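Chemist: Structure below; questions to follow.
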Amino acid sequence: MNVKDLKVVNKSVVKIDSMSLALGKPSYVADFKPADTLYVKMLWSPHAHARIVSIDISAAEKMPGVKAVLYHGNVPRVAHCTAGQGYPEPSPYDTFMFDTKVRYVGDRVAAVAAETLEQAEAALKAIKVEYEVLKPVLSIDEAFAEGAPIIHDEPDATIPIPVPYEPLKNLVAHISMEVGSLDKGLAEADFQFDRTYETQYAQHTPIEAYVAQAYLDPRGRIVIVTSTQVPFHCRRIVAQCLQIPVQQIRVIKPRIGGGFGSKQEVLLEDVVAMLTLRTKRPVFWEFTREENFRTGRTRHPIRIRLRMGVKKDGRITAFGMEATSNTGAYGGHGLTVIGCCGSKVLPLYRADNIAFLGKVAYTNMPVSGAYRGFGATQAFFAAESLMDEMAEAIGMDPVEFRKLNHIRSGEGSPVFEALGEGKKGVPMTIGSCALADCIAIGAKEIDWSRRTPWRSKTGRYRRGLGMCCLMQGSSVPEVDMGAASIKMNEDGSFNLLIGATDLGTGSDTVLGQIAAEAIGTTIDKMIVYSSDTDFTPFDVGAYASSTTYLSGEAARKAGAKVKLQILNTAAEMLHLPVSELDTAEGWAFSQDGQHKLSFSEISLYSLYQKNQYQIMDTASHITHKSPPPFSAHYVEIEVDTWTGAVQVLNYVAAVDCGTAINPKLAEGQTEGGVLNGISYALTEEYLFNAKGKMINANLTDYHIFSMRDKPPIKAILVPSYEETGPYGAKSVSEICINGAMPAIANAIHNATGARLYTTPFTPEKVWRAIQAL
Amino acid sequence: MKLNEFIIPEDLKSAQSALEKLGEKGFAVAGGTSLHFLGIVEKTAVDISHLGLSGIQKQGGAYLIGATTSLGDLMKFKDQGWVLDQVALHTSTQQIRNISTLGGNIVRVFPWNDFPVALLALDATLYIEGVAEKAYSSDDYFNGQPIRLFQPGQLLTRVEVPVLKPGQGFGYHKEVRLHAGFSLMTAAAVITVKSGRIDGIRVAASAGIALPARLTLVEAALGGQAADAASLQQAVANGTAALAWKGKEGMSDEYAAHLGRVVLMDVLSAALLQAQGE
């Protein structure tokens with residue numbers, strides 16, 4: 001297909017919800033709060049690890065305005081997983097609505113629903129809790145130490161799939177693979193490397209904190225309106241927790257003020273649903289920013305040991321990765337994130353000898369979960385840092401070294417088959433790959449030719465250039481499923497109903513464009529609605545870089561089916577064979593140009609005039625591969641060698657996302673991801689006291705880059721055509737966050753000679769690394 | 001801070017009278033941007049933002065700045081010997097600068113406040129008005145929490161800052177992680193150079209130390225010395241050895257001390273260059 005022939009796809013149409021959001025129209029969960037709602041406040045654990053010896057809620061229940069108090073003694077005890085993944089989940093069932101044990105500072109103890117927020121807060125103070133404080137486990141090393149306290153000693157913690165899970169050893173997951181022989185590959189190398197990298201906690205910090213409300217509809221069903229990335233998983237998990245049928249629950253996702261993976265969890269919905277059932281009243285719960293940090297999900301801190309070997313001519317002979325992550329108190333996403341460290345990173349470069357070992361530790365620290373990049377972010381920091389070290393060792397330009405080794409179209413990797421998400425992977429040959437172009441275009445844009453060795457640089461302020469290459473995936477093959485329904489209206493407009501969730505990413509617009517292209521109409525005729533479990537078809541939700549590629553193909557298929565119905569009706573009206581007709585821009589026409597009908601005429605005919613029927617159809621889609629987007633990132637920085645402060649001067653991200661369905665939105669995704677990545681690399685970190693309590697749980701002390709801090713970022717879309725994606729599209733959302741950390745690390749080295757192995761690159765760390773030279 | 005009432009007085013006298021009556025239960029508010037930091041207490045606010053206490057005037061060798069002058073106005077004001085625009089520019093965001101006032105930045109002092117350090121270096125005079133007006137040197141005013149100087153009904157009304165003269169230079173630096181962040185280290189210096197020697201020096205720091213303060217040992221080490229980088233370096237090394245630098249936001253104390261010395265060198269160097277006419 002020639003992308004230039006497309007009428008709606010590959011065009012930067014305006015985001016369909018932009019005007020209503022810009023005008024502040026009611027859009028988000030909190031905008032739809034019923035007048036008679038009850039407010040929820042949660043009593044959180046002040047301890048990292050403790051047993052609840054006793055809890056007395058009687059005084060709180062009698063407080064003014066209090067309508068219900070929940071705690072472990074008055075709710076069902078159902079082991080479940082808060083992570084909204086596939087089913088059965090590749091994560092342990094280690095969470096209970098309320099438990100007799102608390103496992104991190106910020107764990108649930110008791111919930112109050114009251115007439116006002118102030119009354120709920122007051123009631124929390126009246127709850128008397130006696131704790132038996134246990135020794136906390138605050139690091140990976142402590143978790144796996146001999147005689148370590150057991151965090152999940154409850155017998156009902158299990159995992160629903162047959163994978164290693166040993167909670168008595170604080171081990172959430174363990175996976176390994178080896179192709180060839182790592183030892184042999186290292187022995188064959190002219191240069192061997194053994195390096196260990198450590199990455200830090202980080203929070204997604206969406207503008208809209210976690211928020212959910214619930215109410216009973218006139219028939220007594222629970223309606224949950226929530227800021228979620230996974231409405232269908234949410235419905236299933238809430239049903240599981242409350243022990244009621246899925247049929248009794250409806251989940252509505254309005255607009256979302258950002259998620260980035262954090263809202264791929266069910267952290268509020270079970271409580272608001274239970275409180276609504278108990279009180280028969282609407283219930284509203286919104287996290288404060290502090291709660292978002294302490295109790296919300298975070299990026300896994302991961303320790304990554306790399307062992308690699310390289311020949312003098314630049315061929316990589318061995319690529320070994322040992323990744324150990326800290327999942328915190330609960331294990332949702334633990335297995336899959338650690339798996340992605342290997343599956344998204346190891347295939348990027350050819351090597352005959354590849355090994356991966358992944359381990360996940362329980363600790364009494366904040367709970368990690370899904371976060372844009374999903375393990376690849378951490379592992380690319382390690383791998384791409386070492387790629388530069390290897391290039392320097394063999395005296396090769398880092399760009400040339402990567403060009404020599406990176407995977408290309410038509411090639412596969414044994415890693416694709418060996419590492420899946422909770423199960424074996426799927427063999428895959430790379431289809432589209434414009435990485436070589438990304439590398440070349442990015443190098444030209446940043447002017448890589450001016451890069452000079454760090455030893456030639458002097459003075460207080462030193463500039464450096466760094467780069468890295470990246471790949472990700474597009475959905476989880478043979479696991480994820482998306483669906484779309486399209487219905488035609490009398491005026492030639494269409495309702496596109498999708499289960500996929502627009503988090504602010506613009507996916508409603510993108511899916512609308514795909515459907516419009518498939519039908520042969522214009523984007524303004526598409527009424528896109530996502531998501532409502534009562535009305536929209538199933539979709540696993542917005543994660544794993546899946547929406548455009550997976551749900552987009554469902555939208556394309558549904559559009560193609562609807563187009564066929566339109567053509568059949570037009571053929572009946574025009575007395576022409578279908579094969580002589582086509583559609584474009586809201587018209588059906590004969591290819592000789594002699595006849596044409598508007599979609600409105602066709603719809604009116606099909607609904608009112610003859611052989612009436614509703615033109616509508618539904619399509620589902622699963623994928624059998626996860627085609628990687630590719631990218632090359634380049635950065636220029638300046639280091640103040642006296643203070644260690646790093647300033648990003650210029651950033652270039654050249655990305656191959658296949659056909660960009662909406663180039664402006666794809667560029668926006670890339671710019672946003674890069675800025676988020678820079679922020680993660682330079683400033684974001686959780687600070688803890690000695691008892692495992694986060695001490696900078698606010699946006700004053702936890703530093704995220706804002707637009708004011710944004711350096712010049714140039715996103716360059718490098719086209720390729722992925723045959724398995726809708727109109728050649730792959731994903732774009734996650735890959736862009738993975739580059740800043742390694743590119744900046746490499747640039748710091750190029751500026752100063754200092755190599756950083758732990759993140760973030762705070763001024764003090766950079767200064768100390770320079771001092772150590 | 002929880003406001004249980006908001007009083008809008010007609011004039012300064014009414015405001016002072018209201019505050020005197022309210023005592024501990026009242027407080028004066030102009031910009032209101034630091035209420036977030038004042039803890040959970042119930043107060044009655046007395047609005048002093050429209051009582052004629054705003055504006056900048058040059059009188060003789062000084063600028064008279066109304067206490068409720070916004071930081072945005074301090075930033076916009078330009079004159080040969082005016083330097084507070086440099087300080088305002090690095091304070092928070094433009095939206096905050098538009099409403100935050102000079103008085104609000106210096107009546108209650110937090111370690112990260114931007115203006116106390118600059119006013120100490122500039123040898124400003126601060127005026128508190130009750131029944132009568134009383135002038136305080138910046139040294140006296142910032143020698144502890146300024147709120148100790150205020151009786152109920154008394155208000156900071158204006159600040160007098162000397163015009164920088166030829167032969168004088170001003171240096172200011174605020175070290176932050178992000179543009180709108182709170183300071184990790186702030187320092188300011190005014191140096192007077194005469195015949196190639198340092199004839200006058202005032203230097204102050206904050207954020208890395210408990211509260212804004214002049215660094216008198218650095219000043220003593222520099223007074224009368226040759227106006228060159230070597231003198232600055234030696235003075236900073238010797239004059240800060242006994243200071244108790246405190247790291248925050250993950251910084252070690254050792255790094256804070258190092259950063260403090262770098263920042264001091266930067267402001268002294270900038271002040272010296274300006275004083276030398278460069």
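Naming scheme: A, B, ... for chains in displayed order of the structure tokens; residues 1 onward per chain; ligands 1 onward as shown.
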Using DSSP on the backbone coordinates, identify all residues within range 31-196 of chain B classified as strand (DSSP E or B); present the result as number ranges by chain.

Modeler: B: 42-47, 56-59, 62-66, 70, 101, 125-129, 133-137, 155-162, 168-175, 185-194

Chemist: Extract, using only C-alpha atoms, all DNA, RNA and protein residues at most 10 Å from Glu421 in chain A, discarding same-chain residues fewer than 6 positions from it, and format them as a list in words.

Modeler: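 Within the cut-off, the hits are Gly86, Glu89, Pro90, His333, Leu335, Thr336, Val337, Ile338, Gly339, Cys340, Ser343, Val476, Pro477 and Val479 of chain A.
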
Chemist: Let's have the selection written as a PDB file, in the first residue's frame, with N, CA, C and O atoms.

Modeler:
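Result file part.pdb:
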ATOM      1  N   GLY A  86      -3.392  -9.946  31.493  1.00  0.00           N
ATOM      2  CA  GLY A  86      -4.258 -10.955  30.903  1.00  0.00           C
ATOM      3  C   GLY A  86      -4.908 -11.820  31.971  1.00  0.00           C
ATOM      4  O   GLY A  86      -4.802 -11.531  33.171  1.00  0.00           O
ATOM      5  N   GLU A  89      -3.611 -14.062  35.268  1.00  0.00           N
ATOM      6  CA  GLU A  89      -2.520 -13.091  35.280  1.00  0.00           C
ATOM      7  C   GLU A  89      -1.168 -13.770  35.492  1.00  0.00           C
ATOM      8  O   GLU A  89      -1.071 -14.705  36.288  1.00  0.00           O
ATOM      9  N   PRO A  90      -0.143 -13.261  34.828  1.00  0.00           N
ATOM     10  CA  PRO A  90       1.202 -13.757  35.090  1.00  0.00           C
ATOM     11  C   PRO A  90       1.821 -13.087  36.316  1.00  0.00           C
ATOM     12  O   PRO A  90       2.975 -12.659  36.290  1.00  0.00           O
ATOM     13  N   HIS A 333       2.985  -7.451  38.024  1.00  0.00           N
ATOM     14  CA  HIS A 333       3.899  -7.030  36.955  1.00  0.00           C
ATOM     15  C   HIS A 333       5.354  -7.427  37.213  1.00  0.00           C
ATOM     16  O   HIS A 333       6.225  -7.102  36.399  1.00  0.00           O
ATOM     17  N   LEU A 335       6.984 -10.385  37.277  1.00  0.00           N
ATOM     18  CA  LEU A 335       7.517 -11.332  36.293  1.00  0.00           C
ATOM     19  C   LEU A 335       7.628 -10.695  34.908  1.00  0.00           C
ATOM     20  O   LEU A 335       8.635 -10.848  34.212  1.00  0.00           O
ATOM     21  N   THR A 336       6.600  -9.989  34.504  1.00  0.00           N
ATOM     22  CA  THR A 336       6.584  -9.472  33.133  1.00  0.00           C
ATOM     23  C   THR A 336       7.562  -8.323  32.929  1.00  0.00           C
ATOM     24  O   THR A 336       8.175  -8.202  31.871  1.00  0.00           O
ATOM     25  N   VAL A 337       7.716  -7.496  33.937  1.00  0.00           N
ATOM     26  CA  VAL A 337       8.685  -6.396  33.801  1.00  0.00           C
ATOM     27  C   VAL A 337      10.105  -6.951  33.706  1.00  0.00           C
ATOM     28  O   VAL A 337      10.891  -6.534  32.848  1.00  0.00           O
ATOM     29  N   ILE A 338      10.420  -7.913  34.557  1.00  0.00           N
ATOM     30  CA  ILE A 338      11.786  -8.443  34.511  1.00  0.00           C
ATOM     31  C   ILE A 338      12.010  -9.179  33.190  1.00  0.00           C
ATOM     32  O   ILE A 338      13.094  -9.125  32.610  1.00  0.00           O
ATOM     33  N   GLY A 339      10.956  -9.835  32.702  1.00  0.00           N
ATOM     34  CA  GLY A 339      11.078 -10.517  31.415  1.00  0.00           C
ATOM     35  C   GLY A 339      11.375  -9.552  30.283  1.00  0.00           C
ATOM     36  O   GLY A 339      12.173  -9.847  29.382  1.00  0.00           O
ATOM     37  N   CYS A 340      10.759  -8.382  30.350  1.00  0.00           N
ATOM     38  CA  CYS A 340      10.965  -7.396  29.284  1.00  0.00           C
ATOM     39  C   CYS A 340      12.370  -6.793  29.316  1.00  0.00           C
ATOM     40  O   CYS A 340      12.837  -6.261  28.303  1.00  0.00           O
ATOM     41  N   SER A 343      13.643  -9.463  26.984  1.00  0.00           N
ATOM     42  CA  SER A 343      13.000  -9.674  25.683  1.00  0.00           C
ATOM     43  C   SER A 343      13.001  -8.433  24.804  1.00  0.00           C
ATOM     44  O   SER A 343      12.945  -8.536  23.581  1.00  0.00           O
ATOM     45  N   VAL A 476       1.386  -7.586  23.120  1.00  0.00           N
ATOM     46  CA  VAL A 476       1.913  -8.880  23.566  1.00  0.00           C
ATOM     47  C   VAL A 476       1.310  -9.949  22.650  1.00  0.00           C
ATOM     48  O   VAL A 476       0.103 -10.175  22.661  1.00  0.00           O
ATOM     49  N   PRO A 477       2.159 -10.602  21.842  1.00  0.00           N
ATOM     50  CA  PRO A 477       1.597 -11.526  20.850  1.00  0.00           C
ATOM     51  C   PRO A 477       0.927 -12.729  21.497  1.00  0.00           C
ATOM     52  O   PRO A 477       1.393 -13.265  22.487  1.00  0.00           O
ATOM     53  N   VAL A 479      -1.485 -12.978  23.273  1.00  0.00           N
ATOM     54  CA  VAL A 479      -2.046 -12.727  24.603  1.00  0.00           C
ATOM     55  C   VAL A 479      -3.096 -11.617  24.501  1.00  0.00           C
ATOM     56  O   VAL A 479      -4.244 -11.780  24.904  1.00  0.00           O
TER      57      VAL A 479
END

Chemist: Determine which residues of range 633-740 of chain A DSSP labels as helix (DSSP H, G or I) from the backbone of this structure, then write them out as a PyMOL selection string.

Modeler: chain A and resi 663-682+707-709+726-728+735-737+740

Chemist: Each residue of chain A with at least one atom at most 7 Å from chain B should appear once, together with its nearest atom pair and the corresponding distance in Å (one decimal); atoms considered: only C-alpha atoms; ordering: chain, then increasing residue number; output as JSON lines.

Modeler:
{"residue": "A:Thr643", "atom": "CA", "partner": "B:Leu259", "partner_atom": "CA", "distance": 6.2}
{"residue": "A:Leu687", "atom": "CA", "partner": "B:Gly250", "partner_atom": "CA", "distance": 6.8}
{"residue": "A:Asp701", "atom": "CA", "partner": "B:Glu249", "partner_atom": "CA", "distance": 6.8}
{"residue": "A:Phe705", "atom": "CA", "partner": "B:Leu178", "partner_atom": "CA", "distance": 6.9}
{"residue": "A:Arg708", "atom": "CA", "partner": "B:His179", "partner_atom": "CA", "distance": 6.7}
{"residue": "A:Asp709", "atom": "CA", "partner": "B:His179", "partner_atom": "CA", "distance": 6.1}
{"residue": "A:Glu764", "atom": "CA", "partner": "B:Tyr255", "partner_atom": "CA", "distance": 6.4}

Chemist: Show me, as an MDAnalysis selection string, the residues that have an atom within 12 Å of Gln612 in chain A when counting only C-alpha atoms, minus same-chain residues fewer than 2 positions from it.

Modeler: chainID A and resid 565 569 572 602:610 614:615

Chemist: Calculated over only C-alpha atoms, which of the candidates B:Pro162, B:Gly130, B:Gly223, B:Pro9 has the smallest distance to Tyr63 in chain B?

Modeler: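 That would be B:Pro162, the residue with the smallest distance to Tyr63 in chain B.
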
Chemist: Tell me which protein, DNA and RNA residues are within 7 Å of range 171-173 of chain A, counting only C-alpha atoms, leaving out same-chain ones fewer than 2 positions away, and put them as a list in words.

Modeler: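 Once the nearby chain positions are removed, what remains is Pro164, Tyr165, Glu166, Pro167, Lys169, Ile175, Gly331, Gly334, Leu335, Lys359, Val360, Ala361 and Tyr362 of chain A.
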
Chemist: Which value, in Å to one decimal, gives the distance between CA of Glu10 in chain B and CA of Ile48 in chain B?

Modeler: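 Straight-line distance from CA of Glu10 in chain B to CA of Ile48 in chain B works out to 9.2 Å.
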
Chemist: Skipping near chain neighbours, those fewer than 3 positions away, what residues fall within 10 Å of range 154-156 of chain A using only C-alpha atoms, listed as a ChimeraX atom specification?

Modeler: /A:77-80,93-96,99-101,150-151,159,167-168

Chemist: Kindly save the residues from that selection, with all heavy atoms included, as a tab-separated table (two decimals), in the first residue's frame.

Modeler:
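Listing of selection-v9.tsv after writing:
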chain	number	residue	atom	x	y	z
A	77	ARG	N	-12.10	-12.19	52.30
A	77	ARG	CA	-10.65	-12.34	52.12
A	77	ARG	C	-10.43	-13.11	50.82
A	77	ARG	O	-10.66	-14.33	50.75
A	77	ARG	CB	-10.04	-13.10	53.29
A	77	ARG	CG	-8.54	-13.31	53.16
A	77	ARG	CD	-7.95	-14.06	54.37
A	77	ARG	NE	-6.54	-14.35	54.14
A	77	ARG	CZ	-5.55	-13.50	54.34
A	77	ARG	NH1	-5.80	-12.28	54.79
A	77	ARG	NH2	-4.30	-13.84	54.09
A	78	VAL	N	-10.05	-12.38	49.80
A	78	VAL	CA	-9.87	-12.99	48.48
A	78	VAL	C	-8.48	-12.62	47.97
A	78	VAL	O	-8.18	-11.44	47.74
A	78	VAL	CB	-10.92	-12.49	47.48
A	78	VAL	CG1	-10.71	-13.14	46.11
A	78	VAL	CG2	-12.33	-12.75	47.98
A	79	ALA	N	-7.64	-13.62	47.82
A	79	ALA	CA	-6.31	-13.36	47.26
A	79	ALA	C	-6.48	-12.99	45.80
A	79	ALA	O	-7.16	-13.68	45.03
A	79	ALA	CB	-5.44	-14.60	47.40
A	80	HIS	N	-5.89	-11.89	45.42
A	80	HIS	CA	-6.01	-11.44	44.03
A	80	HIS	C	-4.78	-10.64	43.65
A	80	HIS	O	-3.90	-10.39	44.48
A	80	HIS	CB	-7.29	-10.61	43.84
A	80	HIS	CG	-7.25	-9.29	44.54
A	80	HIS	ND1	-7.51	-9.15	45.90
A	80	HIS	CD2	-6.98	-8.04	44.09
A	80	HIS	CE1	-7.42	-7.88	46.25
A	80	HIS	NE2	-7.09	-7.18	45.16
A	93	TYR	N	-1.23	-13.93	43.13
A	93	TYR	CA	-2.40	-13.48	43.89
A	93	TYR	C	-1.92	-13.32	45.34
A	93	TYR	O	-1.97	-14.25	46.14
A	93	TYR	CB	-3.52	-14.52	43.82
A	93	TYR	CG	-4.26	-14.56	42.50
A	93	TYR	CD1	-3.92	-13.73	41.44
A	93	TYR	CD2	-5.36	-15.42	42.32
A	93	TYR	CE1	-4.62	-13.76	40.25
A	93	TYR	CE2	-6.06	-15.46	41.12
A	93	TYR	CZ	-5.68	-14.63	40.09
A	93	TYR	OH	-6.37	-14.66	38.90
A	94	ASP	N	-1.43	-12.13	45.65
A	94	ASP	CA	-0.81	-11.91	46.96
A	94	ASP	C	-1.41	-10.72	47.69
A	94	ASP	O	-0.86	-10.24	48.68
A	94	ASP	CB	0.70	-11.72	46.80
A	94	ASP	CG	1.04	-10.55	45.88
A	94	ASP	OD1	0.10	-9.85	45.42
A	94	ASP	OD2	2.23	-10.33	45.60
A	95	THR	N	-2.52	-10.21	47.17
A	95	THR	CA	-3.13	-9.00	47.73
A	95	THR	C	-4.54	-9.31	48.21
A	95	THR	O	-5.24	-10.13	47.61
A	95	THR	CB	-3.19	-7.90	46.64
A	95	THR	OG1	-1.89	-7.74	46.08
A	95	THR	CG2	-3.65	-6.58	47.22
A	96	PHE	N	-4.91	-8.66	49.30
A	96	PHE	CA	-6.26	-8.81	49.85
A	96	PHE	C	-6.83	-7.42	50.02
A	96	PHE	O	-6.08	-6.45	50.22
A	96	PHE	CB	-6.20	-9.53	51.20
A	96	PHE	CG	-5.47	-10.85	51.11
A	96	PHE	CD1	-4.09	-10.90	51.27
A	96	PHE	CD2	-6.15	-12.02	50.81
A	96	PHE	CE1	-3.40	-12.10	51.15
A	96	PHE	CE2	-5.46	-13.22	50.69
A	96	PHE	CZ	-4.09	-13.26	50.86
A	99	ASP	N	-5.89	-6.79	54.96
A	99	ASP	CA	-5.22	-7.98	55.49
A	99	ASP	C	-4.87	-7.74	56.96
A	99	ASP	O	-4.96	-6.62	57.47
A	99	ASP	CB	-3.96	-8.27	54.67
A	99	ASP	CG	-3.49	-9.71	54.81
A	99	ASP	OD1	-4.12	-10.47	55.58
A	99	ASP	OD2	-2.50	-10.07	54.15
A	100	THR	N	-4.44	-8.82	57.60
A	100	THR	CA	-4.02	-8.71	59.00
A	100	THR	C	-2.54	-8.34	59.09
A	100	THR	O	-2.00	-8.25	60.18
A	100	THR	CB	-4.23	-10.05	59.72
A	100	THR	OG1	-3.59	-11.08	58.96
A	100	THR	CG2	-5.70	-10.37	59.87
A	101	LYS	N	-1.94	-8.17	57.95
A	101	LYS	CA	-0.53	-7.79	57.92
A	101	LYS	C	-0.37	-6.59	56.99
A	101	LYS	O	-1.05	-6.52	55.95
A	101	LYS	CB	0.30	-8.97	57.40
A	101	LYS	CG	1.78	-8.87	57.65
A	101	LYS	CD	2.50	-10.11	57.13
A	101	LYS	CE	3.96	-10.08	57.52
A	101	LYS	NZ	4.75	-11.09	56.81
A	150	ILE	N	10.09	-13.08	56.22
A	150	ILE	CA	9.24	-13.47	55.09
A	150	ILE	C	8.09	-12.47	54.97
A	150	ILE	O	7.33	-12.27	55.93
A	150	ILE	CB	8.69	-14.90	55.28
A	150	ILE	CG1	9.86	-15.89	55.38
A	150	ILE	CG2	7.77	-15.29	54.12
A	150	ILE	CD1	9.45	-17.24	55.91
A	151	ILE	N	7.98	-11.89	53.82
A	151	ILE	CA	6.96	-10.84	53.66
A	151	ILE	C	5.59	-11.44	53.39
A	151	ILE	O	4.59	-11.00	53.94
A	151	ILE	CB	7.40	-9.87	52.54
A	151	ILE	CG1	8.69	-9.18	52.97
A	151	ILE	CG2	6.31	-8.86	52.22
A	151	ILE	CD1	9.46	-8.51	51.86
A	159	ILE	N	0.21	-18.27	42.78
A	159	ILE	CA	0.30	-17.67	41.45
A	159	ILE	C	-0.56	-18.53	40.52
A	159	ILE	O	-0.53	-19.76	40.59
A	159	ILE	CB	1.76	-17.54	40.97
A	159	ILE	CG1	1.84	-16.65	39.72
A	159	ILE	CG2	2.40	-18.89	40.72
A	159	ILE	CD1	3.21	-16.03	39.50
A	167	PRO	N	7.33	-17.47	47.69
A	167	PRO	CA	7.19	-16.35	48.63
A	167	PRO	C	7.96	-16.57	49.93
A	167	PRO	O	8.36	-15.60	50.57
A	167	PRO	CB	5.68	-16.27	48.87
A	167	PRO	CG	5.13	-17.59	48.46
A	167	PRO	CD	6.02	-18.09	47.38
A	168	LEU	N	8.17	-17.82	50.31
A	168	LEU	CA	8.89	-18.05	51.56
A	168	LEU	C	10.36	-17.67	51.43
A	168	LEU	O	11.08	-17.56	52.42
A	168	LEU	CB	8.76	-19.51	52.01
A	168	LEU	CG	7.30	-19.97	52.27
A	168	LEU	CD1	7.27	-21.39	52.79
A	168	LEU	CD2	6.61	-19.02	53.27

Chemist: Report, in Å to a single decimal, how far apart CA of Ser620 in chain A and CA of Asn568 in chain A are.

Modeler: 22.0 Å

Chemist: Counting only C-alpha atoms, what is within 10 Å of Ala500 in chain A, bar same-chain residues fewer than 2 positions away, as a count of residues only?

Modeler: 33
